[in-house]
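Trainee: If it helps, the file is called start.pdb and holds PDB, C-alpha atoms, pLDDT in the B column:
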ATOM      1  CA  MET V   1     -25.197  22.505  15.506  1.00 47.00           C
ATOM      2  CA  GLY V   2     -21.951  20.680  16.263  1.00 49.00           C
ATOM      3  CA  PHE V   3     -21.211  17.049  15.559  1.00 42.00           C
ATOM      4  CA  SER V   4     -18.993  14.905  17.712  1.00 43.00           C
ATOM      5  CA  ARG V   5     -16.872  12.268  16.018  1.00 44.00           C
ATOM      6  CA  VAL V   6     -16.661   8.847  17.558  1.00 44.00           C
ATOM      7  CA  VAL V   7     -13.593   6.853  16.513  1.00 44.00           C
ATOM      8  CA  VAL V   8     -14.052   3.102  16.630  1.00 44.00           C
ATOM      9  CA  PRO V   9     -10.801   1.100  16.336  1.00 48.00           C
ATOM     10  CA  GLY V  10     -10.777  -0.980  13.165  1.00 45.00           C
ATOM     11  CA  ARG V  11     -13.679   0.888  11.581  1.00 44.00           C
ATOM     12  CA  LEU V  12     -13.165   1.232   7.840  1.00 43.00           C
ATOM     13  CA  ILE V  13     -13.251   4.849   6.669  1.00 45.00           C
ATOM     14  CA  GLY V  14     -12.273   5.412   3.061  1.00 42.00           C
ATOM     15  CA  ARG V  15      -9.517   2.949   2.224  1.00 41.00           C
ATOM     16  CA  ALA V  16      -7.612   2.630   5.487  1.00 40.00           C
ATOM     17  CA  PHE V  17      -8.419   1.323   8.935  1.00 37.00           C
ATOM     18  CA  LEU V  18      -8.413   3.773  11.786  1.00 36.00           C
ATOM     19  CA  ASN V  19      -5.972   2.674  14.440  1.00 38.00           C
ATOM     20  CA  PHE V  20      -4.810  -0.316  12.396  1.00 36.00           C
ATOM     21  CA  HIS V  21      -1.930  -0.878  14.819  1.00 40.00           C
ATOM     22  CA  ALA V  22      -4.487  -2.411  17.162  1.00 39.00           C
ATOM     23  CA  PHE V  23      -4.584  -5.412  14.797  1.00 40.00           C
ATOM     24  CA  PRO V  24      -0.980  -6.686  14.619  1.00 46.00           C
ATOM     25  CA  GLY V  25      -1.747  -9.561  12.253  1.00 47.00           C
ATOM     26  CA  LYS V  26      -3.460  -7.403   9.651  1.00 43.00           C
ATOM     27  CA  SER V  27      -2.147  -4.839   7.231  1.00 44.00           C
ATOM     28  CA  VAL V  28      -3.968  -2.082   5.399  1.00 42.00           C
ATOM     29  CA  TYR V  29      -2.051  -2.840   2.220  1.00 46.00           C
ATOM     30  CA  SER V  30      -2.279  -6.625   2.059  1.00 44.00           C
ATOM     31  CA  LYS V  31      -5.346  -8.321   0.665  1.00 46.00           C
ATOM     32  CA  ALA V  32      -6.964 -11.340   2.210  1.00 45.00           C
ATOM     33  CA  SER V  33      -6.752 -14.541   0.235  1.00 45.00           C
ATOM     34  CA  PRO V  34      -9.782 -16.841  -0.013  1.00 47.00           C
ATOM     35  CA  SER V  35      -7.760 -19.821   1.227  1.00 49.00           C
ATOM     36  CA  SER V  36      -6.785 -18.062   4.457  1.00 47.00           C
ATOM     37  CA  GLY V  37     -10.389 -17.613   5.498  1.00 48.00           C
ATOM     38  CA  GLY V  38     -10.285 -13.833   5.129  1.00 46.00           C
ATOM     39  CA  ALA V  39      -7.324 -13.241   7.440  1.00 45.00           C
ATOM     40  CA  SER V  40      -4.545 -11.216   5.928  1.00 41.00           C
ATOM     41  CA  GLN V  41      -0.891 -11.603   6.855  1.00 42.00           C
ATOM     42  CA  VAL V  42       1.836  -8.984   6.907  1.00 39.00           C
ATOM     43  CA  ASN V  43       4.653  -9.969   4.565  1.00 41.00           C
ATOM     44  CA  ARG V  44       7.310  -7.427   5.450  1.00 40.00           C
ATOM     45  CA  GLY V  45      10.189  -9.051   3.537  1.00 43.00           C
ATOM     46  CA  VAL V  46       8.289 -10.117   0.431  1.00 43.00           C
ATOM     47  CA  LEU V  47       7.787  -7.659  -2.394  1.00 49.00           C
ATOM     48  CA  PRO V  48       4.539  -7.527  -4.353  1.00 48.00           C
ATOM     49  CA  MET V  49       6.500  -8.322  -7.525  1.00 51.00           C
ATOM     50  CA  GLU V  50       7.074 -11.967  -6.615  1.00 52.00           C
ATOM     51  CA  ASN V  51       5.116 -12.966  -9.736  1.00 51.00           C
ATOM     52  CA  SER V  52       7.374 -11.195 -12.221  1.00 57.00           C
ATOM     53  CA  THR V  53       5.925 -13.021 -15.234  1.00 68.00           C
ATOM     54  CA  GLU V  54       2.732 -10.949 -15.175  1.00 79.00           C
ATOM     55  CA  ILE V  55       2.051  -8.722 -18.160  1.00 85.00           C
ATOM     56  CA  VAL V  56       2.062  -4.991 -17.391  1.00 92.00           C
ATOM     57  CA  ARG V  57       1.403  -2.013 -19.650  1.00 93.00           C
ATOM     58  CA  LEU V  58       4.437   0.131 -20.408  1.00 95.00           C
ATOM     59  CA  ASP V  59       2.955   3.326 -18.968  1.00 94.00           C
ATOM     60  CA  LYS V  60       1.891   1.496 -15.809  1.00 95.00           C
ATOM     61  CA  TRP V  61       5.362  -0.009 -15.349  1.00 95.00           C
ATOM     62  CA  LEU V  62       7.054   3.391 -15.801  1.00 96.00           C
ATOM     63  CA  TRP V  63       4.707   4.832 -13.168  1.00 95.00           C
ATOM     64  CA  ALA V  64       5.288   1.896 -10.792  1.00 95.00           C
ATOM     65  CA  ALA V  65       9.080   2.173 -11.262  1.00 95.00           C
ATOM     66  CA  ARG V  66       8.767   5.874 -10.329  1.00 95.00           C
ATOM     67  CA  PHE V  67      10.147   7.375 -13.525  1.00 95.00           C
ATOM     68  CA  PHE V  68       6.984   9.512 -13.719  1.00 95.00           C
ATOM     69  CA  LYS V  69       4.710  10.897 -10.998  1.00 95.00           C
ATOM     70  CA  THR V  70       1.438   9.981 -12.717  1.00 95.00           C
ATOM     71  CA  ARG V  71       0.319   7.404 -15.247  1.00 94.00           C
ATOM     72  CA  SER V  72      -0.924  10.251 -17.407  1.00 95.00           C
ATOM     73  CA  LEU V  73       2.591  11.749 -17.593  1.00 95.00           C
ATOM     74  CA  ALA V  74       4.029   8.318 -18.344  1.00 95.00           C
ATOM     75  CA  SER V  75       1.487   7.773 -21.115  1.00 95.00           C
ATOM     76  CA  GLN V  76       2.218  11.199 -22.631  1.00 95.00           C
ATOM     77  CA  ALA V  77       5.956  10.485 -22.616  1.00 95.00           C
ATOM     78  CA  VAL V  78       5.493   7.091 -24.259  1.00 95.00           C
ATOM     79  CA  ASN V  79       3.135   8.435 -26.920  1.00 94.00           C
ATOM     80  CA  GLY V  80       5.481  11.407 -27.463  1.00 94.00           C
ATOM     81  CA  GLY V  81       8.339   9.090 -28.451  1.00 93.00           C
ATOM     82  CA  LYS V  82      10.360   9.551 -25.256  1.00 95.00           C
ATOM     83  CA  VAL V  83      10.421   5.816 -24.449  1.00 96.00           C
ATOM     84  CA  HIS V  84      11.900   3.095 -26.650  1.00 96.00           C
ATOM     85  CA  VAL V  85      11.466  -0.627 -25.982  1.00 95.00           C
ATOM     86  CA  ASN V  86      14.199  -2.902 -27.358  1.00 93.00           C
ATOM     87  CA  GLY V  87      15.212  -0.193 -29.836  1.00 91.00           C
ATOM     88  CA  ASN V  88      11.681   0.470 -31.147  1.00 93.00           C
ATOM     89  CA  ARG V  89       9.395   3.351 -30.273  1.00 94.00           C
ATOM     90  CA  GLY V  90       6.962   2.196 -27.602  1.00 91.00           C
ATOM     91  CA  LYS V  91       3.242   2.654 -27.174  1.00 92.00           C
ATOM     92  CA  ALA V  92       1.465   3.112 -23.835  1.00 91.00           C
ATOM     93  CA  ALA V  93      -0.408  -0.195 -24.125  1.00 92.00           C
ATOM     94  CA  HIS V  94       2.726  -2.150 -25.073  1.00 91.00           C
ATOM     95  CA  SER V  95       3.338  -4.927 -22.563  1.00 91.00           C
ATOM     96  CA  VAL V  96       6.597  -4.988 -20.626  1.00 92.00           C
ATOM     97  CA  VAL V  97       8.226  -8.322 -19.827  1.00 91.00           C
ATOM     98  CA  VAL V  98      11.334  -9.212 -17.848  1.00 92.00           C
ATOM     99  CA  GLY V  99      14.446  -8.744 -19.951  1.00 91.00           C
ATOM    100  CA  ASP V 100      13.211  -5.790 -22.026  1.00 92.00           C
ATOM    101  CA  ASN V 101      15.681  -2.959 -22.582  1.00 95.00           C
ATOM    102  CA  LEU V 102      14.196   0.529 -22.269  1.00 95.00           C
ATOM    103  CA  ILE V 103      15.564   3.926 -23.222  1.00 96.00           C
ATOM    104  CA  ILE V 104      13.694   6.594 -21.270  1.00 96.00           C
ATOM    105  CA  THR V 105      14.213  10.292 -22.012  1.00 95.00           C
ATOM    106  CA  ILE V 106      13.102  12.751 -19.337  1.00 94.00           C
ATOM    107  CA  GLY V 107      14.011  16.328 -20.209  1.00 91.00           C
ATOM    108  CA  THR V 108      17.683  16.210 -21.123  1.00 90.00           C
ATOM    109  CA  MET V 109      18.412  13.051 -19.131  1.00 92.00           C
ATOM    110  CA  GLN V 110      18.418   9.627 -20.730  1.00 94.00           C
ATOM    111  CA  PHE V 111      18.070   6.370 -18.797  1.00 95.00           C
ATOM    112  CA  HIS V 112      19.113   3.010 -20.299  1.00 96.00           C
ATOM    113  CA  VAL V 113      17.482   0.344 -18.138  1.00 96.00           C
ATOM    114  CA  ALA V 114      16.838  -3.384 -18.246  1.00 95.00           C
ATOM    115  CA  VAL V 115      13.571  -4.657 -16.776  1.00 94.00           C
ATOM    116  CA  LEU V 116      14.229  -7.067 -13.892  1.00 93.00           C
ATOM    117  CA  ALA V 117      10.675  -7.451 -12.612  1.00 93.00           C
ATOM    118  CA  THR V 118       7.162  -6.244 -13.326  1.00 92.00           C
ATOM    119  CA  CYS V 119       4.712  -4.728 -10.907  1.00 90.00           C
ATOM    120  CA  LYS V 120       1.273  -3.181 -11.401  1.00 89.00           C
ATOM    121  CA  PHE V 121       1.346  -1.184  -8.185  1.00 91.00           C
ATOM    122  CA  ARG V 122       3.339   1.891  -7.202  1.00 93.00           C
ATOM    123  CA  ARG V 123       5.526   0.993  -4.241  1.00 92.00           C
ATOM    124  CA  PRO V 124       8.065   2.965  -2.165  1.00 94.00           C
ATOM    125  CA  ALA V 125      11.204   4.119  -3.958  1.00 93.00           C
ATOM    126  CA  PRO V 126      13.576   1.470  -2.529  1.00 93.00           C
ATOM    127  CA  GLU V 127      11.250  -1.276  -3.778  1.00 93.00           C
ATOM    128  CA  ALA V 128      10.699   0.486  -7.120  1.00 93.00           C
ATOM    129  CA  ARG V 129      14.459   0.495  -7.766  1.00 93.00           C
ATOM    130  CA  LEU V 130      14.383  -3.301  -7.693  1.00 94.00           C
ATOM    131  CA  LEU V 131      12.217  -3.333 -10.835  1.00 94.00           C
ATOM    132  CA  TYR V 132      15.082  -2.297 -13.124  1.00 95.00           C
ATOM    133  CA  ALA V 133      18.836  -2.165 -13.521  1.00 95.00           C
ATOM    134  CA  GLU V 134      20.418   0.886 -15.102  1.00 94.00           C
ATOM    135  CA  THR V 135      23.511   0.390 -17.242  1.00 95.00           C
ATOM    136  CA  ALA V 136      26.859   1.775 -16.074  1.00 95.00           C
ATOM    137  CA  GLU V 137      27.189   3.799 -19.295  1.00 95.00           C
ATOM    138  CA  SER V 138      23.850   5.489 -18.635  1.00 95.00           C
ATOM    139  CA  ILE V 139      24.836   6.436 -15.098  1.00 95.00           C
ATOM    140  CA  ALA V 140      28.222   7.774 -16.292  1.00 96.00           C
ATOM    141  CA  ALA V 141      26.620   9.798 -19.118  1.00 95.00           C
ATOM    142  CA  ARG V 142      24.106  11.402 -16.750  1.00 94.00           C
ATOM    143  CA  GLU V 143      26.850  12.210 -14.243  1.00 96.00           C
ATOM    144  CA  GLU V 144      28.950  13.805 -17.000  1.00 95.00           C
ATOM    145  CA  GLN V 145      25.933  15.808 -18.161  1.00 93.00           C
ATOM    146  CA  ARG V 146      25.315  16.987 -14.589  1.00 93.00           C
ATOM    147  CA  GLU V 147      28.956  18.123 -14.293  1.00 94.00           C
ATOM    148  CA  MET V 148      28.739  19.995 -17.626  1.00 92.00           C
ATOM    149  CA  LYS V 149      25.601  21.774 -16.434  1.00 90.00           C
ATOM    150  CA  LYS V 150      27.400  22.810 -13.226  1.00 90.00           C
ATOM    151  CA  MET V 151      30.344  24.194 -15.234  1.00 90.00           C
ATOM    152  CA  ILE V 152      28.037  26.159 -17.546  1.00 88.00           C
ATOM    153  CA  ASN V 153      26.194  27.713 -14.612  1.00 85.00           C
ATOM    154  CA  ALA V 154      29.413  28.402 -12.661  1.00 84.00           C
ATOM    155  CA  GLY V 155      30.087  31.671 -14.545  1.00 80.00           C
ATOM    156  CA  PHE V 156      26.606  33.059 -13.895  1.00 81.00           C
ATOM    157  CA  SER V 157      26.218  35.530 -11.067  1.00 83.00           C
ATOM    158  CA  ALA V 158      22.805  36.807 -10.086  1.00 83.00           C
ATOM    159  CA  PRO V 159      22.313  40.563  -9.729  1.00 83.00           C
ATOM    160  CA  ALA V 160      22.678  41.934  -6.211  1.00 87.00           C
ATOM    161  CA  GLN V 161      19.186  43.438  -6.230  1.00 91.00           C
ATOM    162  CA  LYS V 162      16.080  43.744  -8.347  1.00 92.00           C
ATOM    163  CA  PRO V 163      16.153  46.462 -11.022  1.00 92.00           C
ATOM    164  CA  GLY V 164      14.692  49.777  -9.909  1.00 94.00           C
ATOM    165  CA  LYS V 165      12.341  52.021 -11.889  1.00 95.00           C
ATOM    166  CA  ARG V 166      15.157  53.709 -13.813  1.00 94.00           C
ATOM    167  CA  ASP V 167      16.832  50.384 -14.554  1.00 92.00           C
ATOM    168  CA  ARG V 168      13.581  48.887 -15.860  1.00 93.00           C
ATOM    169  CA  ARG V 169      13.139  51.867 -18.197  1.00 93.00           C
ATOM    170  CA  LYS V 170      16.672  51.363 -19.533  1.00 92.00           C
ATOM    171  CA  ILE V 171      15.991  47.642 -20.065  1.00 91.00           C
ATOM    172  CA  ARG V 172      12.745  48.396 -21.919  1.00 92.00           C
ATOM    173  CA  SER V 173      14.377  51.026 -24.138  1.00 91.00           C
ATOM    174  CA  PHE V 174      17.256  48.656 -24.909  1.00 90.00           C
ATOM    175  CA  THR V 175      15.014  45.704 -25.827  1.00 89.00           C
ATOM    176  CA  ARG V 176      12.464  47.642 -27.911  1.00 83.00           C
ATOM    177  CA  ASN V 177      12.587  47.197 -31.658  1.00 70.00           C
ATOM    178  CA  ASP V 178      11.715  50.844 -32.498  1.00 60.00           C
TER     179      ASP V 178
END
Take the structure in this file and express it as structure tokens.

Mentor:
Amino acid sequence: MGFSRVVVPGRLIGRAFLNFHAFPGKSVYSKASPSSGGASQVNRGVLPMENSTEIVRLDKWLWAARFFKTRSLASQAVNGGKVHVNGNRGKAAHSVVVGDNLIITIGTMQFHVAVLATCKFRRPAPEARLLYAETAESIAAREEQREMKKMINAGFSAPAQKPGKRDRRKIRSFTRND
């Protein structure tokens, strides 16, 4: 028993409109305001962080600024002591305000950033970069660390082929603690 699918332009399925280009004045991502009578407008040049005085949780801001892929990872990093706010160890529920200085440690990299704006929503990377300003010292330190890593790995040469049966036996006999 086969089903045929009828696509109706503008029909809401899930979260997005099908064929939303048929409605040039509406956007899938913008919400209608009560004063506009339910019509939504596309604000292409305006960022959603226009109200930068709103209070945002630290883990949510780190996720929105694209330092971490998920809020869960951001929360784990904050609770693990990898994020410091104004010199003090942060907590996930700590609120971030404009002007805060953050030290974010991801692996071996360390970011020193100043909060320029707050946003509760995850936006594209070019817009997310407008949420913070990284210090010149932080950028220079990460670049130096990247160069050191390249120099350390420069002397390494991978073997030409995988070890064969005889080679694996030699490796096992060499690494055994008998």

Trainee: Using atom CA of Phe68 of chain V and atom CA of Phe111 of chain V as the two end points, give the distance in Å to one decimal.

Mentor: 12.6 Å

Trainee: Give me the residues near Asn101 of chain V as a PyMOL selection string, where near means some atom within 10 Å (using only C-alpha atoms) and where sequence neighbours in that chain fewer than 5 positions away do not count.

Mentor: chain V and resi 84-87+96+112-116+132-134

Trainee: Suppose you want the space between atom CA of Arg71 of chain V and atom CA of Leu58 of chain V; what is it in Å?

Mentor: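 Interatomic distance here is 9.8 Å.
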
Trainee: Please list as a list in words every residue within 10 Å of Leu131 of chain V, counting only C-alpha atoms and excluding residues in the same chain fewer than 6 positions away.

Mentor: Met49, Ser52, Trp61, Leu62, Ala64, Ala65, Arg66, Val98, Val113, Ala114, Val115, Leu116, Ala117, Thr118 and Cys119 of chain V

Trainee: Can you translate the PyMOL selection byres ((chain V and resi 72-75) around 12) into the concrete residues it hits in this file, as a PDB file with C-alpha atoms, in the frame of the given file?

Mentor:
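Output file result17.pdb is given in full below:
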ATOM      1  CA  ARG V  57       1.403  -2.013 -19.650  1.00 93.00           C
ATOM      2  CA  LEU V  58       4.437   0.131 -20.408  1.00 95.00           C
ATOM      3  CA  ASP V  59       2.955   3.326 -18.968  1.00 94.00           C
ATOM      4  CA  LYS V  60       1.891   1.496 -15.809  1.00 95.00           C
ATOM      5  CA  TRP V  61       5.362  -0.009 -15.349  1.00 95.00           C
ATOM      6  CA  LEU V  62       7.054   3.391 -15.801  1.00 96.00           C
ATOM      7  CA  TRP V  63       4.707   4.832 -13.168  1.00 95.00           C
ATOM      8  CA  ALA V  64       5.288   1.896 -10.792  1.00 95.00           C
ATOM      9  CA  ALA V  65       9.080   2.173 -11.262  1.00 95.00           C
ATOM     10  CA  ARG V  66       8.767   5.874 -10.329  1.00 95.00           C
ATOM     11  CA  PHE V  67      10.147   7.375 -13.525  1.00 95.00           C
ATOM     12  CA  PHE V  68       6.984   9.512 -13.719  1.00 95.00           C
ATOM     13  CA  LYS V  69       4.710  10.897 -10.998  1.00 95.00           C
ATOM     14  CA  THR V  70       1.438   9.981 -12.717  1.00 95.00           C
ATOM     15  CA  ARG V  71       0.319   7.404 -15.247  1.00 94.00           C
ATOM     16  CA  GLN V  76       2.218  11.199 -22.631  1.00 95.00           C
ATOM     17  CA  ALA V  77       5.956  10.485 -22.616  1.00 95.00           C
ATOM     18  CA  VAL V  78       5.493   7.091 -24.259  1.00 95.00           C
ATOM     19  CA  ASN V  79       3.135   8.435 -26.920  1.00 94.00           C
ATOM     20  CA  GLY V  80       5.481  11.407 -27.463  1.00 94.00           C
ATOM     21  CA  GLY V  81       8.339   9.090 -28.451  1.00 93.00           C
ATOM     22  CA  LYS V  82      10.360   9.551 -25.256  1.00 95.00           C
ATOM     23  CA  VAL V  83      10.421   5.816 -24.449  1.00 96.00           C
ATOM     24  CA  GLY V  90       6.962   2.196 -27.602  1.00 91.00           C
ATOM     25  CA  LYS V  91       3.242   2.654 -27.174  1.00 92.00           C
ATOM     26  CA  ALA V  92       1.465   3.112 -23.835  1.00 91.00           C
ATOM     27  CA  ALA V  93      -0.408  -0.195 -24.125  1.00 92.00           C
ATOM     28  CA  HIS V  94       2.726  -2.150 -25.073  1.00 91.00           C
ATOM     29  CA  ILE V 104      13.694   6.594 -21.270  1.00 96.00           C
ATOM     30  CA  THR V 105      14.213  10.292 -22.012  1.00 95.00           C
ATOM     31  CA  ILE V 106      13.102  12.751 -19.337  1.00 94.00           C
TER      32      ILE V 106
END

Trainee: Smallest atom-to-atom distance to Glu143 of chain V: which of V:Asp167, V:Phe156, V:Gln110, V:Glu127, using all atoms listed in the file?

Mentor: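 Among V:Asp167, V:Phe156, V:Gln110, V:Glu127, it is V:Gln110 that comes nearest to Glu143 of chain V.
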
Trainee: Find the distance between atom CA of Phe174 of chain V and atom CA of Ala154 of chain V and write it in Å to one decimal.

Mentor: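 Separation of atom CA of Phe174 of chain V and atom CA of Ala154 of chain V: 26.6 Å.
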